[in-house]
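One file, structure_27.cif, is given below (mmCIF, C-alpha atoms).
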```
data_input
loop_
_atom_site.group_PDB
_atom_site.id
_atom_site.type_symbol
_atom_site.label_atom_id
_atom_site.label_comp_id
_atom_site.auth_asym_id
_atom_site.auth_seq_id
_atom_site.Cartn_x
_atom_site.Cartn_y
_atom_site.Cartn_z
ATOM 1 C CA MET H 81 82.081 3.679 133.995
ATOM 2 C CA THR H 82 85.712 2.809 133.851
ATOM 3 C CA LYS H 83 88.361 1.536 131.543
ATOM 4 C CA VAL H 84 91.614 -0.425 131.591
ATOM 5 C CA GLN H 85 94.644 1.440 130.218
ATOM 6 C CA LEU H 86 95.548 -0.950 127.446
ATOM 7 C CA THR H 87 96.292 -0.439 123.770
ATOM 8 C CA SER H 88 93.017 0.267 122.016
ATOM 9 C CA LEU H 89 91.868 -2.053 119.251
ATOM 10 C CA VAL H 90 89.008 0.261 118.381
ATOM 11 C CA THR H 91 89.332 1.741 114.908
ATOM 12 C CA PRO H 92 88.842 5.466 114.214
ATOM 13 C CA SER H 93 85.394 6.982 114.049
ATOM 14 C CA ALA H 94 83.202 4.859 111.810
ATOM 15 C CA ALA H 95 81.619 7.978 110.357
ATOM 16 C CA SER H 96 84.719 8.532 108.171
ATOM 17 C CA ARG H 97 85.329 4.933 107.167
ATOM 18 C CA SER H 98 84.543 3.134 103.940
ATOM 19 C CA ASP H 99 82.405 -0.006 103.842
ATOM 20 C CA LYS H 100 85.551 -2.090 103.398
ATOM 21 C CA GLU H 101 87.150 -0.525 106.484
ATOM 22 C CA MET H 102 83.975 -1.230 108.447
ATOM 23 C CA GLU H 103 84.687 -4.955 108.150
ATOM 24 C CA MET H 104 86.651 -6.159 111.176
ATOM 25 C CA VAL H 105 87.830 -9.465 112.526
ATOM 26 C CA CYS H 106 85.582 -10.740 115.311
ATOM 27 C CA ILE H 107 87.536 -10.992 118.570
ATOM 28 C CA VAL H 108 85.541 -14.073 119.577
ATOM 29 C CA CYS H 109 85.469 -16.389 116.564
ATOM 30 C CA GLY H 110 87.830 -14.765 114.052
ATOM 31 C CA ASN H 111 85.224 -14.336 111.334
ATOM 32 C CA THR H 112 84.649 -11.020 109.589
ATOM 33 C CA GLN H 113 82.304 -8.592 111.261
ATOM 34 C CA MET H 114 79.861 -6.734 109.090
ATOM 35 C CA ALA H 115 78.447 -3.218 109.208
ATOM 36 C CA GLY H 116 75.758 -2.979 111.873
ATOM 37 C CA LEU H 117 72.750 -0.774 112.479
ATOM 38 C CA LEU H 118 74.608 2.563 112.604
ATOM 39 C CA SER H 119 77.887 3.824 111.145
ATOM 40 C CA TRP H 120 79.887 3.045 114.303
ATOM 41 C CA HIS H 121 78.293 -0.361 114.984
ATOM 42 C CA ALA H 122 79.461 -3.778 113.742
ATOM 43 C CA THR H 123 78.265 -7.316 114.312
ATOM 44 C CA CYS H 124 79.557 -10.843 113.707
ATOM 45 C CA PRO H 125 77.121 -12.909 111.635
ATOM 46 C CA VAL H 126 78.550 -16.161 113.037
ATOM 47 C CA CYS H 127 78.776 -15.787 116.843
ATOM 48 C CA HIS H 128 76.681 -12.569 117.101
ATOM 49 C CA TYR H 129 79.309 -10.577 119.012
ATOM 50 C CA GLU H 130 78.785 -6.810 118.548
ATOM 51 C CA SER H 131 81.286 -3.953 118.708
ATOM 52 C CA ALA H 132 81.356 -0.174 118.475
ATOM 53 C CA ALA H 133 83.947 2.314 117.211
ATOM 54 C CA LEU H 134 83.319 4.952 119.866
ATOM 55 C CA SER H 135 85.842 7.322 121.430
ATOM 56 C CA VAL H 136 86.985 7.214 125.058
ATOM 57 C CA ALA H 137 87.473 10.410 127.077
ATOM 58 C CA ILE H 138 88.004 9.480 130.743
ATOM 59 C CA ASN H 139 89.226 12.476 132.793
ATOM 60 C CA LYS H 140 88.815 14.715 129.731
ATOM 61 C CA PRO H 141 86.269 17.486 129.111
ATOM 62 C CA THR H 142 83.263 16.333 127.060
ATOM 63 C CA ASP H 143 80.061 17.862 125.750
ATOM 64 C CA VAL H 144 78.051 15.552 128.020
ATOM 65 C CA GLN H 145 77.818 16.880 131.568
ATOM 66 C CA ILE H 146 77.259 14.226 134.235
ATOM 67 C CA ASN H 147 75.931 15.212 137.627
ATOM 68 C CA GLU H 148 77.569 12.698 139.985
ATOM 69 C CA ALA H 149 74.937 13.165 142.692
ATOM 70 C CA GLU H 150 72.191 12.403 140.177
ATOM 71 C CA ARG H 151 74.138 9.432 138.839
ATOM 72 C CA GLU H 152 74.467 7.980 142.329
ATOM 73 C CA ALA H 153 70.734 8.407 142.947
ATOM 74 C CA ALA H 154 69.954 6.780 139.610
ATOM 75 C CA LEU H 155 72.183 3.739 139.972
ATOM 76 C CA LYS H 156 72.544 2.974 143.661
ATOM 77 C CA ALA H 157 69.377 0.963 144.350
ATOM 78 C CA ILE H 158 69.800 -1.535 141.515
ATOM 79 C CA ARG H 159 73.578 -1.723 141.880
ATOM 80 C CA LEU H 160 73.460 -2.495 145.613
ATOM 81 C CA GLU H 161 70.933 -5.271 145.082
ATOM 82 C CA ASN H 162 73.040 -6.847 142.345
ATOM 83 C CA PHE H 163 76.318 -6.348 144.197
ATOM 84 C CA HIS H 164 75.083 -8.279 147.213
ATOM 85 C CA ALA H 165 74.121 -11.126 144.875
ATOM 86 C CA ILE H 166 77.583 -11.065 143.272
ATOM 87 C CA VAL H 167 79.256 -11.225 146.682
ATOM 88 C CA GLN H 168 77.320 -14.424 147.339
ATOM 89 C CA TYR H 169 78.526 -15.878 144.024
ATOM 90 C CA ALA H 170 82.096 -14.965 144.965
ATOM 91 C CA LYS H 171 81.794 -16.612 148.388
ATOM 92 C CA ARG H 172 80.382 -19.738 146.778
ATOM 93 C CA HIS H 173 83.225 -20.168 144.301
ATOM 94 C CA VAL H 174 86.399 -19.074 146.116
ATOM 95 C CA ARG H 175 88.316 -21.908 147.743
ATOM 96 C CA GLN H 176 89.412 -20.281 150.970
ATOM 97 C CA ASP H 177 87.963 -18.023 153.635
ATOM 98 C CA ARG H 178 88.679 -14.308 153.997
ATOM 99 C CA CYS H 179 90.704 -14.067 150.793
ATOM 100 C CA SER H 180 91.749 -11.147 148.621
ATOM 101 C CA LEU H 181 89.429 -9.547 146.069
ATOM 102 C CA LEU H 182 90.188 -6.873 143.467
ATOM 103 C CA ASP H 183 87.383 -4.677 142.120
ATOM 104 C CA VAL H 184 88.462 -3.224 138.755
ATOM 105 C CA GLY H 185 86.642 0.029 138.091
ATOM 106 C CA SER H 186 85.412 0.355 141.659
ATOM 107 C CA ALA H 187 83.611 3.654 140.916
ATOM 108 C CA HIS H 188 81.589 4.845 143.939
ATOM 109 C CA GLY H 189 82.910 1.985 146.087
ATOM 110 C CA TRP H 190 79.543 0.310 146.588
ATOM 111 C CA PHE H 191 80.818 -3.138 145.681
ATOM 112 C CA LEU H 192 83.830 -2.709 147.997
ATOM 113 C CA GLU H 193 81.417 -1.902 150.826
ATOM 114 C CA ALA H 194 79.286 -4.953 150.030
ATOM 115 C CA ALA H 195 82.281 -7.302 149.804
ATOM 116 C CA ARG H 196 84.586 -6.157 152.601
ATOM 117 C CA GLU H 197 82.702 -8.079 155.276
ATOM 118 C CA HIS H 198 83.807 -11.309 153.597
ATOM 119 C CA PHE H 199 86.963 -10.382 151.622
ATOM 120 C CA ASP H 200 90.119 -8.315 151.910
ATOM 121 C CA VAL H 201 89.198 -5.814 149.215
ATOM 122 C CA LEU H 202 91.056 -3.418 146.955
ATOM 123 C CA GLY H 203 89.574 -1.142 144.300
ATOM 124 C CA VAL H 204 91.119 0.379 141.184
ATOM 125 C CA GLU H 205 89.440 3.441 139.678
ATOM 126 C CA PRO H 206 90.756 5.583 136.781
ATOM 127 C CA ASP H 207 88.055 8.265 136.988
ATOM 128 C CA ALA H 208 89.720 10.830 139.226
ATOM 129 C CA VAL H 209 86.516 12.460 140.482
ATOM 130 C CA VAL H 210 84.603 9.277 141.250
ATOM 131 C CA GLY H 211 87.622 7.529 142.759
ATOM 132 C CA ALA H 212 88.360 10.467 145.049
ATOM 133 C CA ARG H 213 84.796 10.401 146.381
ATOM 134 C CA ALA H 214 85.148 6.718 147.287
ATOM 135 C CA ALA H 215 88.586 7.166 148.848
ATOM 136 C CA ALA H 216 87.282 10.067 150.931
ATOM 137 C CA ARG H 217 84.915 7.588 152.591
ATOM 138 C CA GLY H 218 87.901 5.537 153.729
ATOM 139 C CA LEU H 219 87.665 2.832 151.080
ATOM 140 C CA PRO H 220 90.865 1.187 149.773
ATOM 141 C CA VAL H 221 90.907 2.618 146.251
ATOM 142 C CA ARG H 222 93.974 3.131 144.082
ATOM 143 C CA ALA H 223 93.718 5.910 141.542
ATOM 144 C CA GLY H 224 94.764 4.871 138.058
ATOM 145 C CA PHE H 225 94.383 2.127 135.513
ATOM 146 C CA PHE H 226 94.430 -1.646 135.771
ATOM 147 C CA PRO H 227 96.901 -3.319 135.718
ATOM 148 C CA ASP H 228 99.365 -0.413 135.845
ATOM 149 C CA VAL H 229 98.642 0.446 139.500
ATOM 150 C CA LEU H 230 99.355 -3.116 140.654
ATOM 151 C CA LYS H 231 102.743 -4.541 141.507
ATOM 152 C CA ASP H 232 103.809 -7.438 139.314
ATOM 153 C CA THR H 233 103.798 -9.695 142.361
ATOM 154 C CA GLU H 234 100.299 -8.827 143.606
ATOM 155 C CA ARG H 235 97.862 -11.746 143.409
ATOM 156 C CA PHE H 236 94.175 -12.146 144.281
ATOM 157 C CA GLU H 237 91.725 -14.968 144.801
ATOM 158 C CA ALA H 238 89.013 -13.033 142.979
ATOM 159 C CA ILE H 239 88.961 -10.239 140.399
ATOM 160 C CA VAL H 240 85.642 -8.551 139.664
ATOM 161 C CA PHE H 241 84.536 -6.300 136.800
ATOM 162 C CA ASN H 242 81.170 -4.678 137.490
ATOM 163 C CA ASP H 243 79.898 -2.982 134.325
ATOM 164 C CA VAL H 244 83.479 -2.444 133.192
ATOM 165 C CA ILE H 245 84.693 -5.158 130.811
ATOM 166 C CA GLU H 246 82.345 -3.965 128.047
ATOM 167 C CA HIS H 247 84.158 -0.605 128.055
ATOM 168 C CA ILE H 248 87.664 -2.006 127.464
ATOM 169 C CA PRO H 249 88.867 -1.908 123.834
ATOM 170 C CA ASP H 250 91.714 -4.426 124.160
ATOM 171 C CA ILE H 251 89.746 -6.978 126.097
ATOM 172 C CA ARG H 252 92.170 -9.843 125.434
ATOM 173 C CA SER H 253 95.009 -7.946 127.127
ATOM 174 C CA ALA H 254 92.717 -7.191 130.057
ATOM 175 C CA LEU H 255 91.876 -10.894 130.448
ATOM 176 C CA ASP H 256 95.552 -11.799 130.193
ATOM 177 C CA ALA H 257 96.326 -9.324 132.997
ATOM 178 C CA CYS H 258 93.582 -10.923 135.102
ATOM 179 C CA ARG H 259 95.124 -14.358 134.605
ATOM 180 C CA GLN H 260 98.529 -13.034 135.660
ATOM 181 C CA HIS H 261 97.168 -11.417 138.837
ATOM 182 C CA LEU H 262 94.976 -14.324 139.949
ATOM 183 C CA ASN H 263 96.236 -17.083 142.179
ATOM 184 C CA ASN H 264 95.952 -20.625 140.913
ATOM 185 C CA GLU H 265 92.259 -21.541 140.582
ATOM 186 C CA GLY H 266 91.275 -17.953 141.394
ATOM 187 C CA ILE H 267 88.009 -16.662 139.999
ATOM 188 C CA LEU H 268 87.130 -13.914 137.549
ATOM 189 C CA ILE H 269 83.637 -12.399 137.837
ATOM 190 C CA LEU H 270 82.220 -10.418 134.925
ATOM 191 C CA ASN H 271 79.000 -8.465 135.468
ATOM 192 C CA LEU H 272 77.911 -6.830 132.215
ATOM 193 C CA PRO H 273 75.070 -6.037 129.801
ATOM 194 C CA SER H 274 73.689 -8.849 127.657
ATOM 195 C CA SER H 275 72.950 -8.661 123.951
ATOM 196 C CA ARG H 276 70.107 -11.128 124.590
ATOM 197 C CA GLY H 277 68.347 -8.721 126.954
ATOM 198 C CA PHE H 278 64.830 -7.453 126.348
ATOM 199 C CA PHE H 279 65.712 -3.757 126.282
ATOM 200 C CA TYR H 280 68.749 -4.224 124.064
ATOM 201 C CA ARG H 281 66.709 -6.191 121.540
ATOM 202 C CA PHE H 282 63.970 -3.563 121.712
ATOM 203 C CA SER H 283 66.519 -0.803 121.049
ATOM 204 C CA LYS H 284 67.688 -2.594 117.904
ATOM 205 C CA LEU H 285 64.120 -2.825 116.672
ATOM 206 C CA ALA H 286 63.681 0.882 117.430
ATOM 207 C CA VAL H 287 66.698 1.744 115.244
ATOM 208 C CA ARG H 288 65.148 -0.145 112.351
ATOM 209 C CA LEU H 289 61.994 1.906 112.851
ATOM 210 C CA GLY H 290 63.958 5.156 112.841
ATOM 211 C CA TRP H 291 64.361 5.797 116.604
ATOM 212 C CA ARG H 292 68.093 5.751 117.385
ATOM 213 C CA MET H 293 68.150 7.199 120.889
ATOM 214 C CA PRO H 294 67.541 4.023 122.988
ATOM 215 C CA PHE H 295 70.248 2.138 121.063
ATOM 216 C CA GLU H 296 72.742 4.988 121.431
ATOM 217 C CA ARG H 297 71.866 5.308 125.120
ATOM 218 C CA LEU H 298 72.533 1.608 125.804
ATOM 219 C CA TRP H 299 75.909 1.888 124.090
ATOM 220 C CA GLN H 300 76.511 5.100 126.111
ATOM 221 C CA LYS H 301 77.445 6.940 122.954
ATOM 222 C CA ASP H 302 79.028 10.382 123.525
ATOM 223 C CA MET H 303 79.715 9.621 127.184
ATOM 224 C CA PRO H 304 83.295 9.636 128.557
ATOM 225 C CA SER H 305 83.484 5.831 128.599
ATOM 226 C CA PRO H 306 81.093 4.272 126.069
ATOM 227 C CA HIS H 307 80.526 0.577 125.552
ATOM 228 C CA VAL H 308 82.703 -0.929 122.836
ATOM 229 C CA HIS H 309 81.432 -4.530 123.158
ATOM 230 C CA TYR H 310 78.107 -6.294 123.563
ATOM 231 C CA PHE H 311 78.218 -9.999 124.453
ATOM 232 C CA SER H 312 75.823 -12.864 124.979
ATOM 233 C CA PRO H 313 76.641 -15.536 127.574
ATOM 234 C CA ALA H 314 77.673 -17.890 124.751
ATOM 235 C CA ASN H 315 80.159 -15.678 122.916
ATOM 236 C CA LEU H 316 81.518 -14.198 126.145
ATOM 237 C CA GLY H 317 82.191 -17.696 127.480
ATOM 238 C CA ARG H 318 83.946 -18.627 124.263
ATOM 239 C CA LEU H 319 86.182 -15.541 124.370
ATOM 240 C CA VAL H 320 87.189 -15.871 128.038
ATOM 241 C CA ALA H 321 87.762 -19.636 127.768
ATOM 242 C CA GLY H 322 90.299 -18.934 125.049
ATOM 243 C CA GLN H 323 92.301 -16.796 127.501
ATOM 244 C CA GLY H 324 92.955 -19.518 130.055
ATOM 245 C CA PHE H 325 89.691 -19.682 132.023
ATOM 246 C CA GLU H 326 86.799 -22.085 132.379
ATOM 247 C CA LEU H 327 83.179 -21.049 132.942
ATOM 248 C CA VAL H 328 81.849 -22.292 136.297
ATOM 249 C CA ASP H 329 78.607 -20.323 136.677
ATOM 250 C CA CYS H 330 76.390 -17.880 134.795
ATOM 251 C CA ALA H 331 73.183 -16.160 135.853
ATOM 252 C CA GLU H 332 70.975 -13.184 135.126
ATOM 253 C CA LEU H 333 70.589 -10.167 137.410
ATOM 254 C CA PRO H 334 67.745 -7.621 137.531
ATOM 255 C CA ALA H 335 68.302 -4.869 134.988
ATOM 256 C CA LEU H 336 66.124 -2.207 136.586
ATOM 257 C CA ARG H 337 63.869 -1.220 139.453
ATOM 258 C CA ALA H 338 61.069 1.331 139.573
ATOM 259 C CA ARG H 339 62.985 3.236 142.249
ATOM 260 C CA GLY H 340 65.468 5.580 140.585
ATOM 261 C CA LEU H 341 64.276 4.758 137.061
ATOM 262 C CA ARG H 342 63.546 8.320 135.937
ATOM 263 C CA GLU H 343 66.899 9.517 137.270
ATOM 264 C CA ARG H 344 68.646 6.641 135.528
ATOM 265 C CA LEU H 345 67.087 7.530 132.197
ATOM 266 C CA SER H 346 67.981 11.209 132.481
ATOM 267 C CA TYR H 347 71.232 11.550 134.443
ATOM 268 C CA ALA H 348 73.441 11.811 131.365
ATOM 269 C CA GLY H 349 73.038 12.812 127.776
ATOM 270 C CA LYS H 350 70.836 15.305 126.011
ATOM 271 C CA VAL H 351 67.403 13.763 126.502
ATOM 272 C CA SER H 352 64.342 15.834 125.648
ATOM 273 C CA PRO H 353 61.594 15.949 128.305
ATOM 274 C CA LEU H 354 59.121 14.296 125.941
ATOM 275 C CA SER H 355 61.514 11.465 125.073
ATOM 276 C CA LEU H 356 62.365 10.993 128.753
ATOM 277 C CA TRP H 357 58.754 10.648 129.830
ATOM 278 C CA LEU H 358 57.873 8.368 126.915
ATOM 279 C CA GLN H 359 60.741 6.067 127.913
ATOM 280 C CA TYR H 360 59.793 6.230 131.573
ATOM 281 C CA ILE H 361 56.158 5.337 130.943
ATOM 282 C CA ALA H 362 57.073 2.530 128.549
ATOM 283 C CA VAL H 363 59.558 0.964 130.957
ATOM 284 C CA MET H 364 57.270 1.261 133.974
ATOM 285 C CA CYS H 365 54.520 -0.513 132.045
ATOM 286 C CA ALA H 366 56.945 -3.223 130.992
ATOM 287 C CA ILE H 367 58.374 -4.007 134.434
ATOM 288 C CA PRO H 368 55.628 -6.471 135.505
ATOM 289 C CA VAL H 369 56.136 -8.672 132.423
ATOM 290 C CA LEU H 370 59.911 -8.473 132.089
ATOM 291 C CA ARG H 371 60.516 -11.633 134.097
ATOM 292 C CA VAL H 372 59.453 -13.796 131.168
ATOM 293 C CA PHE H 373 62.174 -12.273 128.956
ATOM 294 C CA PRO H 374 65.980 -12.538 129.192
ATOM 295 C CA SER H 375 67.477 -9.891 131.475
ATOM 296 C CA ASP H 376 69.760 -7.172 130.173
ATOM 297 C CA ILE H 377 72.361 -7.976 132.852
ATOM 298 C CA ILE H 378 74.363 -11.174 133.218
ATOM 299 C CA VAL H 379 77.027 -12.271 135.679
ATOM 300 C CA CYS H 380 79.504 -14.943 134.597
ATOM 301 C CA ILE H 381 82.068 -16.586 136.883
ATOM 302 C CA PHE H 382 85.233 -18.084 135.442
ATOM 303 C CA ARG H 383 88.015 -20.045 137.132
ATOM 304 C CA LYS H 384 91.638 -19.712 136.147
ATOM 305 C CA LYS H 385 92.808 -22.933 134.583
ATOM 306 C CA ALA H 386 95.761 -24.668 136.185
ATOM 307 C CA ALA H 387 98.972 -24.240 134.220
ATOM 308 C CA GLY H 388 99.817 -27.327 132.277
#
```
Take the structure in the file and give it back as structure tokens.
Amino acid sequence: MTKVQLTSLVTPSAASRSDKEMEMVCIVCGNTQMAGLLSWHATCPVCHYESAALSVAINKPTDVQINEAEREAALKAIRLENFHAIVQYAKRHVRQDRCSLLDVGSAHGWFLEAAREHFDVLGVEPDAVVGARAAARGLPVRAGFFPDVLKDTERFEAIVFNDVIEHIPDIRSALDACRQHLNNEGILILNLPSSRGFFYRFSKLAVRLGWRMPFERLWQKDMPSPHVHYFSPANLGRLVAGQGFELVDCAELPALRARGLRERLSYAGKVSPLSLWLQYIAVMCAIPVLRVFPSDIIVCIFRKKAAG
């Protein structure tokens, strides 16, 4: 996962904060967030936006060792399926043929490969190891952080964040940078986890019953780039609309597939074999009935409002 190099709004580790310090202003509606399920978690009682005070350590040594080959095996099947769907959304909403598209946090380059048949693509990737692997395959990837690696004059018809925006502490500054680098009526595509999703809601129930691991895993706690936000379609739309965009489409994407599931559950973090297999069995049993519940992945498409 990747992150924009913008001033962090995340407060210091919640473990050392008082209850008063735990209260924060909601970035969506401006109301006061309250202490959440764990010391680092907070939630807004009005719009239900959730945040986390977790540390970022991109390109820095961490206690969590990630095997990139295992990560690719774990994520590739579901990501490719969803990326092809997102390309179709992009084609549907852009207003000219063969236009420019920026993939922020391009990671392994899979979305660039899916989109380059229809768009003139460029990727930005701050993770030095992952970005180098994509560039070695001949993909147009700039190493560094968005928007620092872009020229002030560079503009795009589409900017895409695939599982990235939820990692960015100063999300308002990121959205402002998107508006500046989009052409008039350009589109912004956000593909991210949903707080309405079945597995996220289950993980919150598990915390209340004393099992913290699924909740911490979904927030990617202790990983180099943890989640610092969890949105629903409603509060995400409200936040982005306030930054000069209008929502034009929103849909759910599949959150998992049987193929690669065990690898996905185990590729990072200290997961005991028993816990891993219990999760694997539970998820495999749940797959057939998941279609009746909200997905844990949403994709929302916004259009830049005309200046006026």
Non-local contacts of H:Arg318 (12 Å; only C-alpha atoms; under 5 positions in same chain excluded) as a CSV table (one decimal) with C-alpha atoms, in the frame of the given file:
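The new file around.csv reads:
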```
chain,number,residue,atom,x,y,z
H,107,ILE,CA,87.5,-11.0,118.6
H,108,VAL,CA,85.5,-14.1,119.6
H,109,CYS,CA,85.5,-16.4,116.6
H,110,GLY,CA,87.8,-14.8,114.1
H,127,CYS,CA,78.8,-15.8,116.8
H,128,HIS,CA,76.7,-12.6,117.1
H,129,TYR,CA,79.3,-10.6,119.0
H,311,PHE,CA,78.2,-10.0,124.5
H,312,SER,CA,75.8,-12.9,125.0
H,313,PRO,CA,76.6,-15.5,127.6
H,323,GLN,CA,92.3,-16.8,127.5
H,324,GLY,CA,93.0,-19.5,130.1
H,325,PHE,CA,89.7,-19.7,132.0
H,326,GLU,CA,86.8,-22.1,132.4
H,327,LEU,CA,83.2,-21.0,132.9
H,380,CYS,CA,79.5,-14.9,134.6
H,382,PHE,CA,85.2,-18.1,135.4
```
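Applied to this file, the PyMOL selection byres ((chain H and resi 197) around 12) selects the residues His164, Val167, Gln168, Lys171, Asp177, Arg178, Cys179, Ser180, Leu181, Phe191, Leu192, Glu193, Ala194, Ala195, Arg196, His198, Phe199, Asp200 and Val201 of chain H.
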For the residues in that selection, give me C-alpha atoms as a PDB file, in the frame of the given file.
```pdb
ATOM      1  CA  HIS H 164      75.083  -8.279 147.213  1.00  0.00           C
ATOM      2  CA  VAL H 167      79.256 -11.225 146.682  1.00  0.00           C
ATOM      3  CA  GLN H 168      77.320 -14.424 147.339  1.00  0.00           C
ATOM      4  CA  LYS H 171      81.794 -16.612 148.388  1.00  0.00           C
ATOM      5  CA  ASP H 177      87.963 -18.023 153.635  1.00  0.00           C
ATOM      6  CA  ARG H 178      88.679 -14.308 153.997  1.00  0.00           C
ATOM      7  CA  CYS H 179      90.704 -14.067 150.793  1.00  0.00           C
ATOM      8  CA  SER H 180      91.749 -11.147 148.621  1.00  0.00           C
ATOM      9  CA  LEU H 181      89.429  -9.547 146.069  1.00  0.00           C
ATOM     10  CA  PHE H 191      80.818  -3.138 145.681  1.00  0.00           C
ATOM     11  CA  LEU H 192      83.830  -2.709 147.997  1.00  0.00           C
ATOM     12  CA  GLU H 193      81.417  -1.902 150.826  1.00  0.00           C
ATOM     13  CA  ALA H 194      79.286  -4.953 150.030  1.00  0.00           C
ATOM     14  CA  ALA H 195      82.281  -7.302 149.804  1.00  0.00           C
ATOM     15  CA  ARG H 196      84.586  -6.157 152.601  1.00  0.00           C
ATOM     16  CA  HIS H 198      83.807 -11.309 153.597  1.00  0.00           C
ATOM     17  CA  PHE H 199      86.963 -10.382 151.622  1.00  0.00           C
ATOM     18  CA  ASP H 200      90.119  -8.315 151.910  1.00  0.00           C
ATOM     19  CA  VAL H 201      89.198  -5.814 149.215  1.00  0.00           C
TER      20      VAL H 201
END
```
Which residue gives the smallest distance to H:Gly277 among H:Leu358, H:Ile377, H:Leu219, H:Val210, with all atoms listed in the file counted?
->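 Smallest distance to H:Gly277 is found for H:Ile377.
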Would you translate the PyMOL selection byres ((chain H and resi 238-241) around 7) into the concrete set of residues it matches in this file, as an MDAnalysis selection string?
-> chainID H and resid 180:185 236:237 242:245 262 266:271
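Take the candidates H:His261, H:His309, H:Arg383, H:Arg276 and check each one against H:Lys231 using only C-alpha atoms; the shortest distance goes to H:His261.
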Can you work out the spacing between atom CA of H:Ile378 and atom CA of H:Lys301 in Å, to one decimal?
->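 One can read the atom CA of H:Ile378 to atom CA of H:Lys301 distance as 21.0 Å.
As for atom CA of H:His247 and atom CA of H:Ser305, they are spaced 6.5 Å apart.
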Pairwise distance, atom CA of H:Asp329 with atom CA of H:Ser274, equals 15.4 Å
Given the PyMOL selection byres ((chain H and resi 282-284) around 12), the residues it picks as an mmCIF file with C-alpha atoms, keeping the file's coordinate frame:
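Here's the written file expr.cif:
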```cif
data_model
loop_
_atom_site.group_PDB
_atom_site.id
_atom_site.type_symbol
_atom_site.label_atom_id
_atom_site.label_comp_id
_atom_site.auth_asym_id
_atom_site.auth_seq_id
_atom_site.Cartn_x
_atom_site.Cartn_y
_atom_site.Cartn_z
ATOM 1 C CA GLY H 116 75.758 -2.979 111.873
ATOM 2 C CA LEU H 117 72.750 -0.774 112.479
ATOM 3 C CA LEU H 118 74.608 2.563 112.604
ATOM 4 C CA HIS H 121 78.293 -0.361 114.984
ATOM 5 C CA GLU H 130 78.785 -6.810 118.548
ATOM 6 C CA SER H 275 72.950 -8.661 123.951
ATOM 7 C CA ARG H 276 70.107 -11.128 124.590
ATOM 8 C CA GLY H 277 68.347 -8.721 126.954
ATOM 9 C CA PHE H 278 64.830 -7.453 126.348
ATOM 10 C CA PHE H 279 65.712 -3.757 126.282
ATOM 11 C CA TYR H 280 68.749 -4.224 124.064
ATOM 12 C CA ARG H 281 66.709 -6.191 121.540
ATOM 13 C CA LEU H 285 64.120 -2.825 116.672
ATOM 14 C CA ALA H 286 63.681 0.882 117.430
ATOM 15 C CA VAL H 287 66.698 1.744 115.244
ATOM 16 C CA ARG H 288 65.148 -0.145 112.351
ATOM 17 C CA LEU H 289 61.994 1.906 112.851
ATOM 18 C CA GLY H 290 63.958 5.156 112.841
ATOM 19 C CA TRP H 291 64.361 5.797 116.604
ATOM 20 C CA ARG H 292 68.093 5.751 117.385
ATOM 21 C CA MET H 293 68.150 7.199 120.889
ATOM 22 C CA PRO H 294 67.541 4.023 122.988
ATOM 23 C CA PHE H 295 70.248 2.138 121.063
ATOM 24 C CA GLU H 296 72.742 4.988 121.431
ATOM 25 C CA ARG H 297 71.866 5.308 125.120
ATOM 26 C CA LEU H 298 72.533 1.608 125.804
ATOM 27 C CA TRP H 299 75.909 1.888 124.090
ATOM 28 C CA GLN H 359 60.741 6.067 127.913
ATOM 29 C CA ALA H 362 57.073 2.530 128.549
ATOM 30 C CA VAL H 363 59.558 0.964 130.957
ATOM 31 C CA ALA H 366 56.945 -3.223 130.992
ATOM 32 C CA PHE H 373 62.174 -12.273 128.956
ATOM 33 C CA PRO H 374 65.980 -12.538 129.192
ATOM 34 C CA ASP H 376 69.760 -7.172 130.173
#
```
Counting all atoms listed in the file, which of H:Glu246, H:Asp302, H:Glu234, H:Asp256 gets nearest to H:Trp120?
->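 Checking each candidate against H:Trp120, we get H:Asp302 as the closest.
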With 5 Å added on each side, what axis-aligned box encloses every listed atom of stretch 329-332 of chain H? Give the centre and edge lengths in Å to one decimal, as lines of an AutoDock Vina configuration file.
```
center_x = 74.8
center_y = -16.8
center_z = 135.7
size_x = 17.6
size_y = 17.1
size_z = 11.9
```
Considering all atoms listed in the file, state which residue in the set H:Ser352, H:Tyr360, H:Ala215, H:Tyr310 is at the smallest distance from H:Cys124.
->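 Distance minimum relative to H:Cys124 lands on H:Tyr310.
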